[in-house]
file my_file-v9.cif (mmCIF, C-alpha atoms)
data_my_file
loop_
_atom_site.group_PDB
_atom_site.id
_atom_site.type_symbol
_atom_site.label_atom_id
_atom_site.label_comp_id
_atom_site.auth_asym_id
_atom_site.auth_seq_id
_atom_site.Cartn_x
_atom_site.Cartn_y
_atom_site.Cartn_z
ATOM 1 C CA MET A 1 14.170 30.268 -5.700
ATOM 2 C CA LYS A 2 11.702 30.970 -2.894
ATOM 3 C CA GLN A 3 10.284 27.456 -3.217
ATOM 4 C CA ARG A 4 13.786 25.941 -3.075
ATOM 5 C CA LEU A 5 14.607 27.892 0.075
ATOM 6 C CA LYS A 6 11.416 26.648 1.721
ATOM 7 C CA TYR A 7 12.310 23.082 0.767
ATOM 8 C CA PHE A 8 15.800 23.303 2.255
ATOM 9 C CA ALA A 9 14.439 24.918 5.408
ATOM 10 C CA ARG A 10 11.886 22.148 5.895
ATOM 11 C CA SER A 11 14.526 19.525 5.077
ATOM 12 C CA ALA A 12 16.835 20.958 7.742
ATOM 13 C CA LEU A 13 13.985 20.920 10.259
ATOM 14 C CA TRP A 14 13.224 17.300 9.349
ATOM 15 C CA LYS A 15 16.824 16.297 10.157
ATOM 16 C CA VAL A 16 16.898 17.931 13.576
ATOM 17 C CA ALA A 17 13.254 17.596 14.623
ATOM 18 C CA PRO A 18 11.632 14.721 12.717
ATOM 19 C CA TRP A 19 8.833 14.489 15.299
ATOM 20 C CA LYS A 20 7.380 17.692 13.855
ATOM 21 C CA PHE A 21 6.583 15.669 10.718
ATOM 22 C CA ALA A 22 5.123 12.694 12.535
ATOM 23 C CA THR A 23 2.605 10.758 10.461
ATOM 24 C CA SER A 24 -0.925 11.430 11.647
ATOM 25 C CA GLU A 25 -3.891 9.102 11.532
ATOM 26 C CA GLN A 26 -5.265 11.177 8.671
ATOM 27 C CA ASP A 27 -2.048 10.679 6.703
ATOM 28 C CA LEU A 28 -2.177 6.942 7.272
ATOM 29 C CA ALA A 29 -5.671 6.934 5.761
ATOM 30 C CA ALA A 30 -4.223 8.068 2.426
ATOM 31 C CA PHE A 31 -3.228 5.740 -0.407
ATOM 32 C CA SER A 32 -0.881 2.783 -0.034
ATOM 33 C CA ILE A 33 0.237 0.099 -2.508
ATOM 34 C CA GLY A 34 -0.624 -3.578 -2.830
ATOM 35 C CA ILE A 35 0.088 -6.539 -5.123
ATOM 36 C CA TYR A 36 -2.698 -8.420 -6.916
ATOM 37 C CA SER A 37 -2.608 -11.428 -9.257
ATOM 38 C CA GLY A 38 -4.981 -13.384 -11.467
ATOM 39 C CA PRO A 39 -5.661 -15.166 -14.763
ATOM 40 C CA SER A 40 -6.262 -11.957 -16.734
ATOM 41 C CA PRO A 41 -5.551 -8.218 -16.364
ATOM 42 C CA PHE A 42 -9.168 -7.597 -15.380
ATOM 43 C CA ASP A 43 -9.657 -10.625 -13.119
ATOM 44 C CA LEU A 44 -7.357 -9.816 -10.217
ATOM 45 C CA CYS A 45 -7.422 -10.366 -6.457
ATOM 46 C CA PRO A 46 -4.931 -9.924 -3.585
ATOM 47 C CA ALA A 47 -1.868 -12.092 -4.214
ATOM 48 C CA GLU A 48 -1.561 -14.837 -1.583
ATOM 49 C CA GLN A 49 2.231 -14.481 -1.514
ATOM 50 C CA ALA A 50 2.100 -10.745 -0.756
ATOM 51 C CA ARG A 51 1.554 -9.141 2.624
ATOM 52 C CA ASN A 52 -0.610 -6.222 1.523
ATOM 53 C CA PRO A 53 -0.123 -3.368 1.573
ATOM 54 C CA VAL A 54 3.460 -3.871 0.418
ATOM 55 C CA LEU A 55 4.322 -0.151 0.643
ATOM 56 C CA ARG A 56 2.934 2.402 3.094
ATOM 57 C CA CYS A 57 3.806 5.932 4.140
ATOM 58 C CA GLU A 58 5.675 4.686 7.197
ATOM 59 C CA ASP A 59 7.965 2.522 5.014
ATOM 60 C CA LEU A 60 9.632 5.699 3.718
ATOM 61 C CA ARG A 61 12.173 6.374 6.453
ATOM 62 C CA ASP A 62 14.155 9.096 4.681
ATOM 63 C CA ILE A 63 11.376 11.553 3.873
ATOM 64 C CA PRO A 64 8.066 12.505 5.522
ATOM 65 C CA THR A 65 5.173 11.734 3.199
ATOM 66 C CA THR A 66 1.401 11.603 3.341
ATOM 67 C CA THR A 67 0.864 9.025 0.603
ATOM 68 C CA VAL A 68 2.271 6.417 -1.758
ATOM 69 C CA ALA A 69 0.184 5.873 -4.888
ATOM 70 C CA ASP A 70 0.046 5.429 -8.692
ATOM 71 C CA PRO A 71 2.504 2.494 -8.891
ATOM 72 C CA PHE A 72 4.098 1.330 -12.162
ATOM 73 C CA MET A 73 6.592 -1.498 -12.297
ATOM 74 C CA TRP A 74 9.066 -3.023 -14.760
ATOM 75 C CA ARG A 75 11.221 -6.144 -14.570
ATOM 76 C CA VAL A 76 14.883 -5.965 -15.586
ATOM 77 C CA ASP A 77 17.246 -8.950 -15.390
ATOM 78 C CA GLY A 78 15.020 -10.711 -12.895
ATOM 79 C CA LEU A 79 14.602 -7.724 -10.584
ATOM 80 C CA TRP A 80 11.305 -5.855 -10.283
ATOM 81 C CA HIS A 81 11.423 -2.060 -10.060
ATOM 82 C CA MET A 82 8.354 -0.130 -8.914
ATOM 83 C CA PHE A 83 7.982 3.622 -9.412
ATOM 84 C CA PHE A 84 5.277 5.524 -7.571
ATOM 85 C CA GLU A 85 4.124 8.921 -6.380
ATOM 86 C CA ILE A 86 4.875 10.110 -2.892
ATOM 87 C CA LYS A 87 3.394 13.291 -1.443
ATOM 88 C CA SER A 88 6.415 14.958 0.172
ATOM 89 C CA ARG A 89 5.867 17.021 3.308
ATOM 90 C CA LEU A 90 9.101 18.835 2.502
ATOM 91 C CA SER A 91 8.406 20.080 -1.033
ATOM 92 C CA LEU A 92 4.582 19.880 -0.595
ATOM 93 C CA ASN A 93 4.509 18.354 -4.093
ATOM 94 C CA GLY A 94 4.210 14.891 -5.519
ATOM 95 C CA GLU A 95 7.601 13.293 -6.200
ATOM 96 C CA ILE A 96 8.611 10.001 -7.811
ATOM 97 C CA ALA A 97 10.231 7.294 -5.689
ATOM 98 C CA TYR A 98 11.017 3.661 -6.355
ATOM 99 C CA ALA A 99 11.236 0.280 -4.677
ATOM 100 C CA THR A 100 12.643 -3.109 -5.688
ATOM 101 C CA SER A 101 11.634 -6.750 -5.359
ATOM 102 C CA GLN A 102 13.217 -10.066 -6.290
ATOM 103 C CA ASN A 103 9.920 -11.947 -6.469
ATOM 104 C CA GLY A 104 7.283 -9.257 -7.073
ATOM 105 C CA PHE A 105 5.698 -9.800 -3.664
ATOM 106 C CA ASP A 106 8.204 -8.511 -1.101
ATOM 107 C CA TRP A 107 9.231 -4.906 -1.723
ATOM 108 C CA ARG A 108 12.005 -2.731 -0.339
ATOM 109 C CA TYR A 109 11.770 1.047 -0.619
ATOM 110 C CA GLN A 110 14.871 2.711 -2.097
ATOM 111 C CA ARG A 111 14.610 6.487 -2.515
ATOM 112 C CA VAL A 112 13.192 9.448 -4.450
ATOM 113 C CA VAL A 113 14.451 9.481 -8.058
ATOM 114 C CA LEU A 114 12.644 12.452 -9.624
ATOM 115 C CA ARG A 115 11.709 15.809 -8.161
ATOM 116 C CA GLU A 116 10.534 18.953 -10.005
ATOM 117 C CA PRO A 117 9.323 22.405 -8.898
ATOM 118 C CA PHE A 118 5.819 21.215 -9.801
ATOM 119 C CA HIS A 119 3.672 18.247 -8.772
ATOM 120 C CA LEU A 120 4.536 14.803 -10.193
ATOM 121 C CA SER A 121 2.505 11.597 -10.105
ATOM 122 C CA TYR A 122 1.469 8.602 -12.294
ATOM 123 C CA PRO A 123 5.042 7.644 -13.361
ATOM 124 C CA GLN A 124 4.465 5.321 -16.306
ATOM 125 C CA VAL A 125 7.799 3.603 -16.946
ATOM 126 C CA PHE A 126 8.513 1.541 -20.059
ATOM 127 C CA ARG A 127 11.334 0.320 -22.263
ATOM 128 C CA TRP A 128 11.622 1.222 -25.942
ATOM 129 C CA ARG A 129 14.489 -0.243 -27.911
ATOM 130 C CA ASP A 130 17.574 0.265 -25.748
ATOM 131 C CA ASP A 131 16.269 3.031 -23.474
ATOM 132 C CA PHE A 132 14.020 3.342 -20.453
ATOM 133 C CA PHE A 133 11.488 6.162 -20.429
ATOM 134 C CA MET A 134 9.133 7.674 -17.879
ATOM 135 C CA ILE A 135 6.075 9.810 -18.546
ATOM 136 C CA PRO A 136 4.938 11.176 -15.184
ATOM 137 C CA GLU A 137 1.792 13.229 -14.849
ATOM 138 C CA THR A 138 2.747 16.924 -14.936
ATOM 139 C CA GLY A 139 -0.678 18.546 -15.147
ATOM 140 C CA ARG A 140 0.402 21.602 -13.189
ATOM 141 C CA ALA A 141 3.007 22.331 -15.883
ATOM 142 C CA LYS A 142 0.260 22.078 -18.532
ATOM 143 C CA ALA A 143 2.324 19.633 -20.521
ATOM 144 C CA VAL A 144 3.067 15.956 -21.144
ATOM 145 C CA ARG A 145 6.804 15.582 -20.479
ATOM 146 C CA ILE A 146 8.940 12.525 -21.190
ATOM 147 C CA TYR A 147 12.086 11.562 -19.291
ATOM 148 C CA ARG A 148 14.878 9.158 -20.292
ATOM 149 C CA ALA A 149 16.928 7.161 -17.798
ATOM 150 C CA THR A 150 20.540 8.286 -17.911
ATOM 151 C CA ARG A 151 21.148 5.494 -15.399
ATOM 152 C CA PHE A 152 18.263 3.125 -14.781
ATOM 153 C CA PRO A 153 16.550 3.136 -12.353
ATOM 154 C CA ASP A 154 17.652 6.162 -10.345
ATOM 155 C CA ARG A 155 18.694 8.938 -12.752
ATOM 156 C CA TRP A 156 16.225 10.577 -15.130
ATOM 157 C CA SER A 157 16.491 13.514 -17.514
ATOM 158 C CA HIS A 158 13.733 15.461 -19.278
ATOM 159 C CA VAL A 159 14.229 14.930 -23.022
ATOM 160 C CA ALA A 160 11.061 16.221 -24.715
ATOM 161 C CA THR A 161 7.625 17.746 -24.264
ATOM 162 C CA LEU A 162 5.070 15.664 -26.140
ATOM 163 C CA LEU A 163 2.025 17.912 -25.636
ATOM 164 C CA GLU A 164 1.535 21.293 -24.013
ATOM 165 C CA GLY A 165 -1.055 23.969 -23.377
ATOM 166 C CA SER A 166 -3.670 22.006 -21.386
ATOM 167 C CA ARG A 167 -4.070 20.339 -18.000
ATOM 168 C CA PHE A 168 -3.074 16.844 -19.178
ATOM 169 C CA VAL A 169 -3.669 14.283 -16.420
ATOM 170 C CA ASP A 170 -2.582 10.634 -16.075
ATOM 171 C CA SER A 171 -1.401 10.341 -19.682
ATOM 172 C CA SER A 172 -1.088 6.684 -20.731
ATOM 173 C CA VAL A 173 1.134 5.928 -23.732
ATOM 174 C CA PHE A 174 1.367 2.609 -25.602
ATOM 175 C CA HIS A 175 2.647 1.203 -28.905
ATOM 176 C CA PHE A 176 0.204 -0.642 -31.161
ATOM 177 C CA ASP A 177 -0.011 -1.451 -34.874
ATOM 178 C CA GLY A 178 3.161 0.464 -35.716
ATOM 179 C CA ARG A 179 2.160 3.713 -33.985
ATOM 180 C CA TRP A 180 2.236 5.371 -30.597
ATOM 181 C CA TRP A 181 -1.053 6.207 -28.898
ATOM 182 C CA MET A 182 -1.887 8.288 -25.849
ATOM 183 C CA PHE A 183 -4.981 8.439 -23.672
ATOM 184 C CA THR A 184 -5.020 11.537 -21.482
ATOM 185 C CA GLU A 185 -7.593 13.316 -19.355
ATOM 186 C CA ALA A 186 -7.640 17.018 -20.196
ATOM 187 C CA GLY A 187 -10.778 18.515 -18.702
ATOM 188 C CA PRO A 188 -10.890 21.742 -16.675
ATOM 189 C CA GLY A 189 -10.988 19.793 -13.387
ATOM 190 C CA PRO A 190 -12.025 16.514 -11.715
ATOM 191 C CA ALA A 191 -15.691 17.492 -11.817
ATOM 192 C CA SER A 192 -15.583 17.824 -15.648
ATOM 193 C CA PRO A 193 -13.337 15.026 -16.959
ATOM 194 C CA ILE A 194 -12.568 14.780 -20.704
ATOM 195 C CA LEU A 195 -10.744 11.792 -22.224
ATOM 196 C CA ARG A 196 -8.673 12.696 -25.288
ATOM 197 C CA LEU A 197 -6.751 10.446 -27.692
ATOM 198 C CA PHE A 198 -3.563 11.312 -29.608
ATOM 199 C CA PHE A 199 -1.274 9.349 -31.939
ATOM 200 C CA ALA A 200 2.218 9.674 -33.413
ATOM 201 C CA SER A 201 4.556 7.772 -35.719
ATOM 202 C CA ASP A 202 7.492 8.459 -33.401
ATOM 203 C CA LEU A 203 7.502 8.465 -29.609
ATOM 204 C CA MET A 204 8.957 11.973 -29.538
ATOM 205 C CA GLY A 205 6.236 13.252 -31.859
ATOM 206 C CA PRO A 206 4.735 15.192 -33.402
ATOM 207 C CA TRP A 207 1.485 14.061 -31.775
ATOM 208 C CA THR A 208 -1.870 14.482 -33.530
ATOM 209 C CA GLU A 209 -5.283 14.454 -31.887
ATOM 210 C CA HIS A 210 -7.529 11.650 -33.112
ATOM 211 C CA PRO A 211 -10.599 12.749 -35.139
ATOM 212 C CA ALA A 212 -12.841 10.863 -32.673
ATOM 213 C CA SER A 213 -11.352 12.777 -29.733
ATOM 214 C CA PRO A 214 -12.611 13.649 -27.194
ATOM 215 C CA LEU A 215 -13.692 10.072 -26.593
ATOM 216 C CA VAL A 216 -15.510 10.798 -23.315
ATOM 217 C CA THR A 217 -16.845 14.093 -21.989
ATOM 218 C CA GLY A 218 -18.127 14.653 -18.466
ATOM 219 C CA ASP A 219 -18.421 10.991 -17.443
ATOM 220 C CA GLY A 220 -16.613 10.721 -14.116
ATOM 221 C CA PHE A 221 -16.836 6.927 -14.149
ATOM 222 C CA ILE A 222 -14.753 6.245 -17.272
ATOM 223 C CA ALA A 223 -12.888 9.333 -18.520
ATOM 224 C CA ARG A 224 -9.714 9.472 -16.420
ATOM 225 C CA PRO A 225 -6.984 6.853 -17.067
ATOM 226 C CA GLY A 226 -6.332 4.447 -14.219
ATOM 227 C CA GLY A 227 -3.165 2.599 -15.217
ATOM 228 C CA ARG A 228 -0.996 1.260 -18.015
ATOM 229 C CA VAL A 229 -2.688 0.149 -21.252
ATOM 230 C CA VAL A 230 -2.039 -3.586 -21.708
ATOM 231 C CA MET A 231 -2.392 -5.981 -24.632
ATOM 232 C CA PHE A 232 -4.787 -8.893 -24.119
ATOM 233 C CA ARG A 233 -5.522 -11.362 -26.912
ATOM 234 C CA GLY A 234 -4.159 -8.937 -29.477
ATOM 235 C CA ARG A 235 -6.230 -5.940 -28.379
ATOM 236 C CA PRO A 236 -5.394 -2.957 -26.176
ATOM 237 C CA VAL A 237 -7.175 -2.715 -22.838
ATOM 238 C CA ARG A 238 -7.400 0.661 -21.131
ATOM 239 C CA PHE A 239 -8.257 1.236 -17.490
ATOM 240 C CA ALA A 240 -10.332 4.115 -16.135
ATOM 241 C CA GLN A 241 -10.696 5.375 -12.583
ATOM 242 C CA ARG A 242 -13.891 6.765 -11.116
ATOM 243 C CA VAL A 243 -13.660 10.404 -10.017
ATOM 244 C CA LEU A 244 -17.348 11.293 -9.523
ATOM 245 C CA PRO A 245 -19.260 11.777 -7.308
ATOM 246 C CA VAL A 246 -16.285 10.899 -5.078
ATOM 247 C CA TYR A 247 -12.645 10.508 -6.066
ATOM 248 C CA GLY A 248 -10.646 7.343 -6.494
ATOM 249 C CA THR A 249 -13.019 4.535 -5.536
ATOM 250 C CA GLU A 250 -13.178 2.189 -8.560
ATOM 251 C CA VAL A 251 -11.377 1.012 -11.698
ATOM 252 C CA ARG A 252 -13.041 -0.229 -14.882
ATOM 253 C CA ALA A 253 -11.497 -2.007 -17.889
ATOM 254 C CA PHE A 254 -12.271 -1.240 -21.541
ATOM 255 C CA GLU A 255 -11.310 -3.431 -24.496
ATOM 256 C CA VAL A 256 -10.418 -1.441 -27.624
ATOM 257 C CA LEU A 257 -12.229 -3.052 -30.560
ATOM 258 C CA GLN A 258 -11.087 -0.683 -33.315
ATOM 259 C CA LEU A 259 -8.092 1.625 -33.318
ATOM 260 C CA SER A 260 -6.795 3.431 -36.391
ATOM 261 C CA THR A 261 -5.984 7.007 -37.279
ATOM 262 C CA THR A 262 -9.625 7.486 -38.294
ATOM 263 C CA ARG A 263 -11.702 5.110 -36.142
ATOM 264 C CA TYR A 264 -12.091 4.210 -32.480
ATOM 265 C CA GLU A 265 -14.409 1.753 -30.749
ATOM 266 C CA GLU A 266 -14.325 0.193 -27.267
ATOM 267 C CA ARG A 267 -16.488 -1.778 -24.873
ATOM 268 C CA GLN A 268 -16.411 -2.202 -21.127
ATOM 269 C CA VAL A 269 -15.182 -5.571 -19.884
ATOM 270 C CA GLY A 270 -17.932 -6.852 -17.624
ATOM 271 C CA ALA A 271 -20.770 -4.885 -16.112
ATOM 272 C CA ASP A 272 -19.057 -4.103 -12.821
ATOM 273 C CA PRO A 273 -15.816 -2.365 -11.847
ATOM 274 C CA MET A 274 -12.783 -4.681 -11.818
ATOM 275 C CA LEU A 275 -11.412 -2.996 -8.674
ATOM 276 C CA GLY A 276 -13.225 -1.212 -5.875
ATOM 277 C CA PRO A 277 -13.359 -0.912 -2.079
ATOM 278 C CA GLY A 278 -11.683 -3.950 -0.550
ATOM 279 C CA ASN A 279 -12.173 -6.032 2.570
ATOM 280 C CA ASP A 280 -8.981 -4.882 4.284
ATOM 281 C CA SER A 281 -8.395 -1.618 6.123
ATOM 282 C CA TRP A 282 -5.783 -0.337 3.651
ATOM 283 C CA ASN A 283 -8.208 -0.338 0.674
ATOM 284 C CA ALA A 284 -11.621 -0.213 2.322
ATOM 285 C CA GLY A 285 -12.220 3.314 1.013
ATOM 286 C CA GLY A 286 -11.513 2.470 -2.621
ATOM 287 C CA MET A 287 -8.935 1.709 -5.323
ATOM 288 C CA HIS A 288 -8.064 3.817 -8.369
ATOM 289 C CA HIS A 289 -5.018 2.405 -10.185
ATOM 290 C CA VAL A 290 -3.654 -0.834 -11.686
ATOM 291 C CA ASP A 291 -0.484 -1.786 -13.565
ATOM 292 C CA ALA A 292 -0.744 -5.398 -14.774
ATOM 293 C CA HIS A 293 2.043 -7.543 -16.278
ATOM 294 C CA LEU A 294 1.863 -10.928 -18.031
ATOM 295 C CA LEU A 295 4.147 -13.536 -16.454
ATOM 296 C CA ASP A 296 5.844 -16.481 -18.153
ATOM 297 C CA ASP A 297 3.305 -18.937 -16.715
ATOM 298 C CA GLY A 298 0.388 -17.075 -18.324
ATOM 299 C CA THR A 299 -0.855 -15.424 -15.137
ATOM 300 C CA TRP A 300 -0.832 -11.702 -14.407
ATOM 301 C CA LEU A 301 0.863 -9.764 -11.630
ATOM 302 C CA ALA A 302 -0.272 -6.211 -10.849
ATOM 303 C CA CYS A 303 0.603 -3.373 -8.530
ATOM 304 C CA VAL A 304 -2.441 -1.468 -7.328
ATOM 305 C CA ASP A 305 -3.256 1.231 -4.802
ATOM 306 C CA GLY A 306 -6.044 1.800 -2.339
ATOM 307 C CA PHE A 307 -7.061 4.015 0.556
ATOM 308 C CA SER A 308 -8.754 3.419 3.865
ATOM 309 C CA SER A 309 -10.345 6.795 4.532
ATOM 310 C CA PRO A 310 -13.978 7.553 3.730
ATOM 311 C CA PRO A 311 -14.572 8.723 0.131
ATOM 312 C CA ARG A 312 -13.992 12.427 -0.525
ATOM 313 C CA PRO A 313 -15.955 14.716 -2.827
ATOM 314 C CA ALA A 314 -14.556 15.180 -6.344
ATOM 315 C CA GLY A 315 -11.717 17.683 -6.320
ATOM 316 C CA GLU A 316 -10.503 16.544 -2.891
ATOM 317 C CA GLU A 317 -8.262 13.704 -4.017
ATOM 318 C CA ALA A 318 -7.323 11.482 -1.117
ATOM 319 C CA HIS A 319 -3.614 11.391 -1.959
ATOM 320 C CA ALA A 320 -3.250 15.133 -2.553
ATOM 321 C CA PRO A 321 -6.005 16.889 -0.608
ATOM 322 C CA ASP A 322 -4.584 20.360 -1.226
ATOM 323 C CA GLU A 323 -4.451 19.971 -5.024
ATOM 324 C CA ARG A 324 -6.984 19.477 -7.780
ATOM 325 C CA VAL A 325 -4.586 17.387 -9.864
ATOM 326 C CA THR A 326 -2.795 14.231 -8.664
#
call {"tool": "encode", "arguments": {"input": "my_file-v9.cif", "output": "structure tokens"}}
result
Amino acid sequence: MKQRLKYFARSALWKVAPWKFATSEQDLAAFSIGIYSGPSPFDLCPAEQARNPVLRCEDLRDIPTTTVADPFMWRVDGLWHMFFEIKSRLSLNGEIAYATSQNGFDWRYQRVVLREPFHLSYPQVFRWRDDFFMIPETGRAKAVRIYRATRFPDRWSHVATLLEGSRFVDSSVFHFDGRWWMFTEAGPGPASPILRLFFASDLMGPWTEHPASPLVTGDGFIARPGGRVVMFRGRPVRFAQRVLPVYGTEVRAFEVLQLSTTRYEERQVGADPMLGPGNDSWNAGGMHHVDAHLLDDGTWLACVDGFSSPPRPAGEEAHAPDERVT
């Protein structure tokens, strides 16, 4: 109740004195969102048709925010929908907003669609059978929660808790070989990342930890998920963001060679990160997320994020500097 009262008080102040929430230069150095394209999900570059970044803090006219990050998109009846984290200066938490695009390159911000008493980020959206689902990161709630769209894209309802009891971060769910699989980072904090793997016969569970889990312990280059798992040439590809020694600077791709209820094997695609600090001001500091989609012409279109500020030490995430989990 106290938190709700604070939110309404700040919201009222925003309506009558918006200049008190003016975006500072430090805020503008946080994450923003761009569009990349390429011949494969791990061979991407800035899309020529896009004016990057396509979404920035100042594009959100209805709410003061210090970041836009962790984008996931989905195409429905020819219209692209992008869901992403914003860091609200009213609730002081991460919230989930969305934008739309007819062509995938020009985006129009719509509004916030999901807000909880705790921090939200990493809103993986997908369609299964006749329903749309979202699994946002809810590490502060020590759970992996799944939401169903009661009216896509702007109304969502919590329908189940898939895992609970740990600080699950950036959980990435995908369907492969007749089962559901989940990569999730569940270490004690950014300085000690642990990648765990779970599987289930049904999306709603029960979920079982893989016998090879944890897959990665303490490696800040490859443990934390960095975007949706995609299928490429019949194999899953997972993405990992670098969190050590500084947060959010690179993304690497890993091809899954073996995946069963008893075995797991992967290899990194290429020797270098697939995404890193860019040549433009909006992503010169680094990049830490990718959501790639195969188009009808065989090319890939991806939403990514990046930040312009200097790298921060682990535990001082650029898009949520007052939290350990984003």
call {"tool": "closest_residue", "arguments": {"input": "my_file-v9.cif", "among": "A:Ala160, A:Ala30, A:Leu195, A:Val169", "to": "Phe307 of chain A", "atoms": "only C-alpha atoms"}}
result
A:Ala30
call {"tool": "closest_residue", "arguments": {"input": "my_file-v9.cif", "among": "A:Leu92, A:Ala212, A:Cys57, A:Ala99", "to": "Trp74 of chain A", "atoms": "all atoms listed in the file"}}
result
A:Ala99
call {"tool": "closest_atom_pairs", "arguments": {"input": "my_file-v9.cif", "of": "segment 124-200 of chain A", "to": "segment 217-229 of chain A", "cutoff": "6 Å", "atoms": "all atoms listed in the file", "output": "Markdown table"}}
result
| residue | atom | partner | partner_atom | distance |
| --- | --- | --- | --- | --- |
| A:Asp170 | CA | A:Pro225 | CA | 5.9 |
| A:Glu185 | CA | A:Arg224 | CA | 5.3 |
| A:Ser192 | CA | A:Gly218 | CA | 4.9 |
| A:Pro193 | CA | A:Gly218 | CA | 5.0 |
| A:Ile194 | CA | A:Thr217 | CA | 4.5 |
| A:Leu195 | CA | A:Ala223 | CA | 4.9 |
call {"tool": "residues_around", "arguments": {"input": "my_file-v9.cif", "residues": "segment 282-284 of chain A", "least_positions_apart": "6", "cutoff": "7 Å", "atoms": "all atoms listed in the file", "output": "list in words"}}
result
Ser32, Pro53, Gly306, Phe307 and Ser308 of chain A
call {"tool": "resolve_selection", "arguments": {"input": "my_file-v9.cif", "expression": "the PyMOL selection byres ((chain A and resi 201) around 10)", "output": "JSON, numbers by chain"}}
result
{"A": [175, 178, 179, 180, 181, 199, 200, 202, 203, 204, 205, 206, 207, 208]}
call {"tool": "atom_distance", "arguments": {"input": "my_file-v9.cif", "atom1": "atom CA of Phe239 of chain A", "atom2": "atom CA of Val251 of chain A"}}
result
6.6 Å
call {"tool": "residues_near_point", "arguments": {"input": "my_file-v9.cif", "point": "(3.0, 1.5, -12.5)", "cutoff": "9 Å", "atoms": "only C-alpha atoms", "output": "PyMOL selection string"}}
result
chain A and resi 70-74+82-84+122-125+227-228+289-292+302-304
call {"tool": "residues_around", "arguments": {"input": "my_file-v9.cif", "residues": "Gly234 of chain A", "least_positions_apart": "2", "cutoff": "12 Å", "atoms": "all atoms listed in the file", "output": "list in words"}}
result
Phe176, Asp177, Val230, Met231, Phe232, Pro236, Val237, Glu255, Val256, Leu257, Gln258 and Leu259 of chain A
call {"tool": "axis_aligned_box", "arguments": {"input": "my_file-v9.cif", "around": "segment 278-292 of chain A", "padding_each_side": "8 Å", "output": "AutoDock Vina command-line options"}}
result
--center_x -6.4 --center_y -1.1 --center_z -4.3 --size_x 27.7 --size_y 25.8 --size_z 36.9
call {"tool": "closest_residue", "arguments": {"input": "my_file-v9.cif", "among": "A:Asp59, A:Asp43, A:Asp131, A:Glu209", "to": "Arg108 of chain A", "atoms": "all atoms listed in the file"}}
result
A:Asp59
call {"tool": "resolve_selection", "arguments": {"input": "my_file-v9.cif", "expression": "the PyMOL selection byres ((chain A and resi 56) around 10)", "output": "ChimeraX atom specification"}}
result
/A:28,30-34,52-55,57-60,65-69,86,109,282
call {"tool": "closest_residue", "arguments": {"input": "my_file-v9.cif", "among": "A:Asp305, A:Gly104, A:Phe132, A:Gly94", "to": "His119 of chain A", "atoms": "all atoms listed in the file"}}
result
A:Gly94
call {"tool": "atom_distance", "arguments": {"input": "my_file-v9.cif", "atom1": "atom CA of Arg235 of chain A", "atom2": "atom CA of Gly298 of chain A"}}
result
16.4 Å
call {"tool": "closest_residue", "arguments": {"input": "my_file-v9.cif", "among": "A:Asp130, A:Ala253, A:Ala143, A:Tyr98", "to": "Phe118 of chain A", "atoms": "only C-alpha atoms"}}
result
A:Ala143
call {"tool": "atom_distance", "arguments": {"input": "my_file-v9.cif", "atom1": "atom CA of His158 of chain A", "atom2": "atom CA of Pro136 of chain A"}}
result
10.6 Å
call {"tool": "resolve_selection", "arguments": {"input": "my_file-v9.cif", "expression": "the PyMOL selection byres ((chain A and resi 146) around 9)", "output": "list in words"}}
result
Phe133, Met134, Ile135, Pro136, Val144, Arg145, Tyr147, Arg148, Ser157, His158, Val159, Ala160, Thr161, Leu162 and Met204 of chain A
call {"tool": "closest_residue", "arguments": {"input": "my_file-v9.cif", "among": "A:Glu137, A:Asp77, A:Glu266, A:Glu164", "to": "Ser101 of chain A", "atoms": "only C-alpha atoms"}}
result
A:Asp77
